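Here's the structure we're looking at; comments come further down.
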Amino acid sequence: MIKSKIRKYHAAVWDEPLVMDLSQPGRRGAFAPAIEDEITDSVGDPSALVPTALKRKVAPELPELSEFEVQRHYLHLSQQTLGMMGISLFGTCTMKYNPRLNERLVYQPFVAKMHPHQDPETMQGILEIVYSFDEILRDLSGLDKFVFQAGGGADAAYTMATLTRAYHAARGELAQRTEIITTVQAHPCNPATAAAAGFKVITLPLEKDGYPSLEALKSVLSNRTAALMVNNPDDIGIYNPQIKEWVKAVKEVGGLCFYDHANFNGVMTRIRAADLGFDACMYMLHKTFGGTKGGGGPAVGAFGCRKELVPYLAGPTVEKNSDGTYFLKEEGPKSVGRVREFFGNVPVVIRAYSWTRAMGIDGLRDAANISVLANNYMEKRLLAIKGVTKGLPELTKRRLEMTRYSLGELTAETGVTTVDVQNRMTDYGVDAFWLSHEPWFIPEPFTPEAGELWSIEDIDYWIDVLEVVCEEARKDPEFVKNAPYNQVVHKQGSTNLDDPKNWATTYRAYKRKHASKK
Amino acid sequence: MKHRPIRIGFIINPIAGMGGAVGLHGTDAGIHLEAARRGASQISTQRAAMTLSFLFNSREWLQASSETLFITPEGQMGGDLLQSMIDPTQIQLIPLKNDSTTAADTKEIAQSLFEHGVDLILFAGGDGTARDIFEVIDEKIPLLGIPAGVKMRSGVFGLHPARVGEVLQRIIVTSSRIENALPTQDAEILDLDENSSDYSSSQFFGVAKTPYAPDLLQRSKSASGDSGASALDELALHYAKAMKPKRLYIFGPGGSTNRILKSLGLSLSPKGVHAIMDGHCIGEDIGEAEIAELVARNSECELIVGVIGGQGYLFGRGNQQLSSGVIEAIGWSHIYVLASAEKLLELMPTELHMDFHQPLRNPPPSFLQVHTSSSRTVVCRLIYQVASPSTSTLARN
């Protein structure tokens, strides 16, 4: 039953040309003043100061516009984005507000103008924040050291895969330990990074409890086992209560255990990776810890491990002297080296530090509770919508902070797919939902996540929009399949978006590939 | 460059699907008379109309209709419906001798469409219709099925008539741009044995071609279209390279195992069991006795089998030559199972079934790893049906 008054919405449509097409020869935003005689007297011709080898032979092709035109152009573009202007229950990403205070902090010159090659003595404050946040994550996980070099969750998983390689190599067992075990519901970055690091990947299937059986795990354990990489809960939202036995079984055959904590939000302060026996874990500072996220970055996958594995960590690491000062320690001989440059995406670490300090331990627990409560509230309303079913409905255990739903029944009845529904929902000013991580074992999936940010009114509104769209699908499937209508860009025909011949990520490529349109 | 129009062969099996609503497991071999007696109505024409109206009302059709020609039999097997929907200049009718709609008629029309050089055969029906057309066409022309039968387990069917319309939209748009043949994927043709009391006895008839549209043809596919087929080709190359001299390799039926044979340069039917040694076929389409004899004579032996889609049969469906005796003689650790990740995901739960005429002497392992590429496996639980099919007792190991 629809609870809210559905608002009229229409996105700004400017049909904005490319900035290059707005260019007029000779137009300028700002004119540099003429060179004063005193300057010429003291340095000569300033343009002669540029070494000949560095001088361009041909001027770069830059757009020529007035300052006002530049402002207007980018304002139009910003109005044409949807991101976080609507309601975004974008599951698996734990959408969180990024407090303006933290944004102001990272814009301060001591962050924005810092260079990682500065003398560490001149960045003690930054190093203190990084070190202190390492300590906070040690408390939350029970592990012994965190590094922030990885530029995202997948990068942190890759850190684990390379660390696994270095660890077994140091023990002379790498030739034998060639297999990494993961589950079909683990985030796809786990099998992907394991494969990228040269391991064979064994995937455990979903079984009747909503996760693979301990028996299936044991059937593949051997002296070839290098590591286990799992999420718990994963996107199905069911916590595997046998996880301690899993970890124990893997360690008995000499494998390492990695806890991908991408789904940490529902269990914050409730469980600690080390208490469950894990050797290493990963947190997403850009999702769970209030850091900025989007467009593939900037992000940080915080990677932590037990002290036995610290020598293998990616470096440099931030360390504390006995006198209370901080220093950067270069990676040692056993280290995996670097998975990325320097010691981390510092602005994201600062946002996460500030957010976590503001929340406090009680705040983190409240947030975890609210995210589980909101998800279960959402579930009750979603399942009342005709055409929506819960992923793996035979599993009666409560889902924690998210789960996958299916629009398969709606599709079978009307031909309208989850992607069509997603497109149409944006016509109401809500952000497109997340479908599902690969692989899709639930037909026509979508994975909403309420987290602790969204109010009950927001959650209700989002569900109302979904219900309206499902009704529309039954009344006029063709209409829904051709959505969106109120968006900046309308439905692209089933043409050729995935054809590399048409991609153009630079103006040069655009001119080359679309010469006929110029 | 001007292309010739894409030629779409179109067949409706007007009696398909009639049995379902009245509780019959299919509408083959005269069952439709019984279905009609029970009050069933023709649904396949309506389902086909859904697909076609989805296509004809699309922008893609406006754009590419002049490049498209339908070839179809006159009357209720296609012509009537198309003539009521589009301009006659876009239809080429095949005259019929009579107005019967039996399996023989379907096959005759399929043959005629082949002779007309169609690029694709679009049909409305069920597994039986797919099988009839496949018997004539094999993998010469891609098949695309509008789900309109009682059972649609073969891989050529779309999820919904409207989604078949979407596949057609893509085809007519891309065919006007691409000079080459349609991109296709393998699809198993499966049908049930109508006379069997065991509803689960799916029979494997072979591997057809179907247009490449993984997101629209089968239920578990993602929009990004992870290409399981190319992973299997990669596996096939690796496997073929790693094959050892003087070792006996027995290949079970199916499209997946056939990829390895193709990598070896061997062109053998995907329906039979073949024995390979040192790159040569030493036993083509062999039966249980021949397999047992070869296995007995060779101490080193490996069995390569695929998984029958839909129900996840490892043994006992379409490969009865691989008997319990043969399996135990080879030994479970020498059995190499391969399947695309997509196919395994369609099995929910991810379990593999076996059904032998003679029971296994020793319990099989509880789990087997199925190879989805040269470096990836999925762990599957083995379900062993101990008793004969009629008693339907399932033992879980």
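Chain labels follow the order of the structure tokens: the first chain is A, the next B, and so on; residue numbering restarts at 1 in every chain, and ligands are counted from 1 in their shown order.
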### Message
Please find the residues of chain B near chain A - the criterion being any atom within 8 Å, counting only C-alpha atoms - and write them as a PyMOL selection string.
### Response
chain B and resi 54+59-60+159-163+169-170+173-174+219-222+345-346+348-350+366-367+375-381
#### Entry: Shell of 12 Å around Gln111 (chain B), only C-alpha atoms, local chain residues under 6 positions omitted, as a PyMOL selection string
chain B and resi 9+11+72-73+94+104-105+117-118+121+132-138+140-141
### Message
Env of Phe148 (chain A): 12 Å cut, atoms = only C-alpha atoms, seq-sep filter 6 positions within chain, self excluded. Answer as JSON, numbers by chain.
### Response
{"A": [127, 129, 130, 131, 133, 134, 137, 155, 156, 159, 282, 283, 284, 285, 286, 299, 300, 301, 302, 303, 304, 313, 314, 315, 316, 317, 318, 338, 339, 340, 341, 342, 343, 344, 345, 346, 347, 348, 349, 350, 352]}
### Query
Within 12 Å of Pro120 (chain A), counting only C-alpha atoms, which residues qualify if same-chain residues fewer than 4 places away don't, as a ChimeraX atom specification?
/A:114-116,124-128,318-320,325-329
### Message
Residues of region 55-241 of chain B classed as helix (DSSP H, G or I) by DSSP on the backbone are to be reported as a PyMOL selection string.
### Response
chain B and resi 55-56+59-67+75-77+79-83+88-90+103-115+127-137+161-175+214-217+228-241
### Query
Quick one, how far is CA of Ile459 (chain A) from CA of Gly153 (chain A)?
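Value for the CA of Ile459 (chain A)-CA of Gly153 (chain A) distance: 26.8 Å.
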### Task
Point out the residue among A:Lys501, A:Arg165, A:Arg72, A:Arg270 with the least atom-to-atom distance to Arg365 (chain A), counting only C-alpha atoms.
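The closest residue to Arg365 (chain A) is A:Arg270.
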### Task
Skip Val372 (chain A) itself and residues of its chain fewer than 4 positions away, then list as a list in words all residues within 6 Å of it, counting only C-alpha atoms.
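Those residues are Gly266, Leu400 and Glu401 of chain A.
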#### Entry: Residues near region 326-337 of chain B, cut-off 9 Å, only C-alpha atoms, skip fewer than 2 positions along chain, as number ranges by chain
B: 257, 288-289, 291-292, 295-296, 299-307, 314, 321-324, 339, 360-362, 364-365, 368-372
### All residues 12 Å or closer to Ala124 (chain B), only C-alpha atoms, same chain fewer than 2 positions away omitted, as a VMD selection string
chain B and resid 9 to 17 42 to 52 76 to 78 81 106 121 to 122 126 to 130 133 143 to 150 152 156 to 158 160 to 161 164
Take the residues from that selection and write them out as a compact mmCIF listing (two decimals), in the first residue's frame, keeping C-alpha atoms.
# COMPACT_ATOMS: atom_id res chain seq x y z
CA GLY B 9 12.22 -18.36 -40.77
CA PHE B 10 9.09 -18.51 -38.60
CA ILE B 11 7.13 -21.55 -37.42
CA ILE B 12 4.26 -21.76 -34.97
CA ASN B 13 3.40 -25.15 -33.60
CA PRO B 14 -0.27 -24.34 -33.06
CA ILE B 15 -0.92 -27.29 -30.78
CA ALA B 16 2.06 -26.65 -28.50
CA GLY B 17 1.28 -25.90 -24.88
CA GLN B 42 -4.39 -22.77 -28.61
CA ILE B 43 -1.92 -20.64 -26.72
CA SER B 44 1.17 -20.76 -28.92
CA THR B 45 -0.28 -18.32 -31.47
CA GLN B 46 -1.02 -15.85 -28.69
CA ARG B 47 2.49 -16.22 -27.28
CA ALA B 48 3.99 -15.71 -30.73
CA ALA B 49 1.83 -12.60 -31.17
CA MET B 50 3.30 -11.19 -27.94
CA THR B 51 6.82 -11.59 -29.27
CA LEU B 52 6.00 -10.13 -32.65
CA GLN B 76 -1.95 -21.34 -38.90
CA MET B 77 1.71 -22.34 -38.69
CA GLY B 78 2.84 -18.74 -39.18
CA LEU B 81 -0.45 -14.34 -37.80
CA THR B 106 7.25 -29.16 -38.60
CA ILE B 121 14.58 -19.95 -37.28
CA LEU B 122 12.13 -18.38 -34.87
CA GLY B 126 7.99 -26.37 -26.53
CA ASP B 127 10.82 -28.87 -26.18
CA GLY B 128 9.13 -31.24 -28.65
CA THR B 129 8.99 -28.55 -31.33
CA ALA B 130 12.62 -27.62 -30.66
CA ILE B 133 13.37 -28.65 -35.84
CA LEU B 143 17.22 -21.50 -33.42
CA LEU B 144 15.27 -19.11 -31.21
CA GLY B 145 12.27 -20.37 -29.29
CA ILE B 146 9.24 -18.43 -28.09
CA PRO B 147 8.27 -20.30 -24.92
CA ALA B 148 4.85 -21.67 -25.76
CA GLY B 149 4.97 -25.33 -24.87
CA VAL B 150 4.42 -27.31 -21.72
CA MET B 152 10.89 -25.55 -22.14
CA VAL B 156 17.04 -22.05 -27.15
CA PHE B 157 14.05 -20.53 -25.35
CA GLY B 158 13.71 -16.99 -24.10
CA HIS B 160 9.32 -14.69 -21.82
CA PRO B 161 7.83 -13.98 -25.27
CA VAL B 164 12.43 -13.05 -27.37
### Task
Would you please give, as an NGL selection string, all residues of region 88-140 of chain B that DSSP assigns to strand (DSSP E or B) based on the backbone?
:B and (91-94 or 120-125)
### Task
Find the residue from A:Leu49, A:Ala432, A:Ile238, A:Leu410 that sits nearest to Lys397 (chain A); use only C-alpha atoms when measuring.
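Under the stated criterion, the closest residue is A:Ile238.
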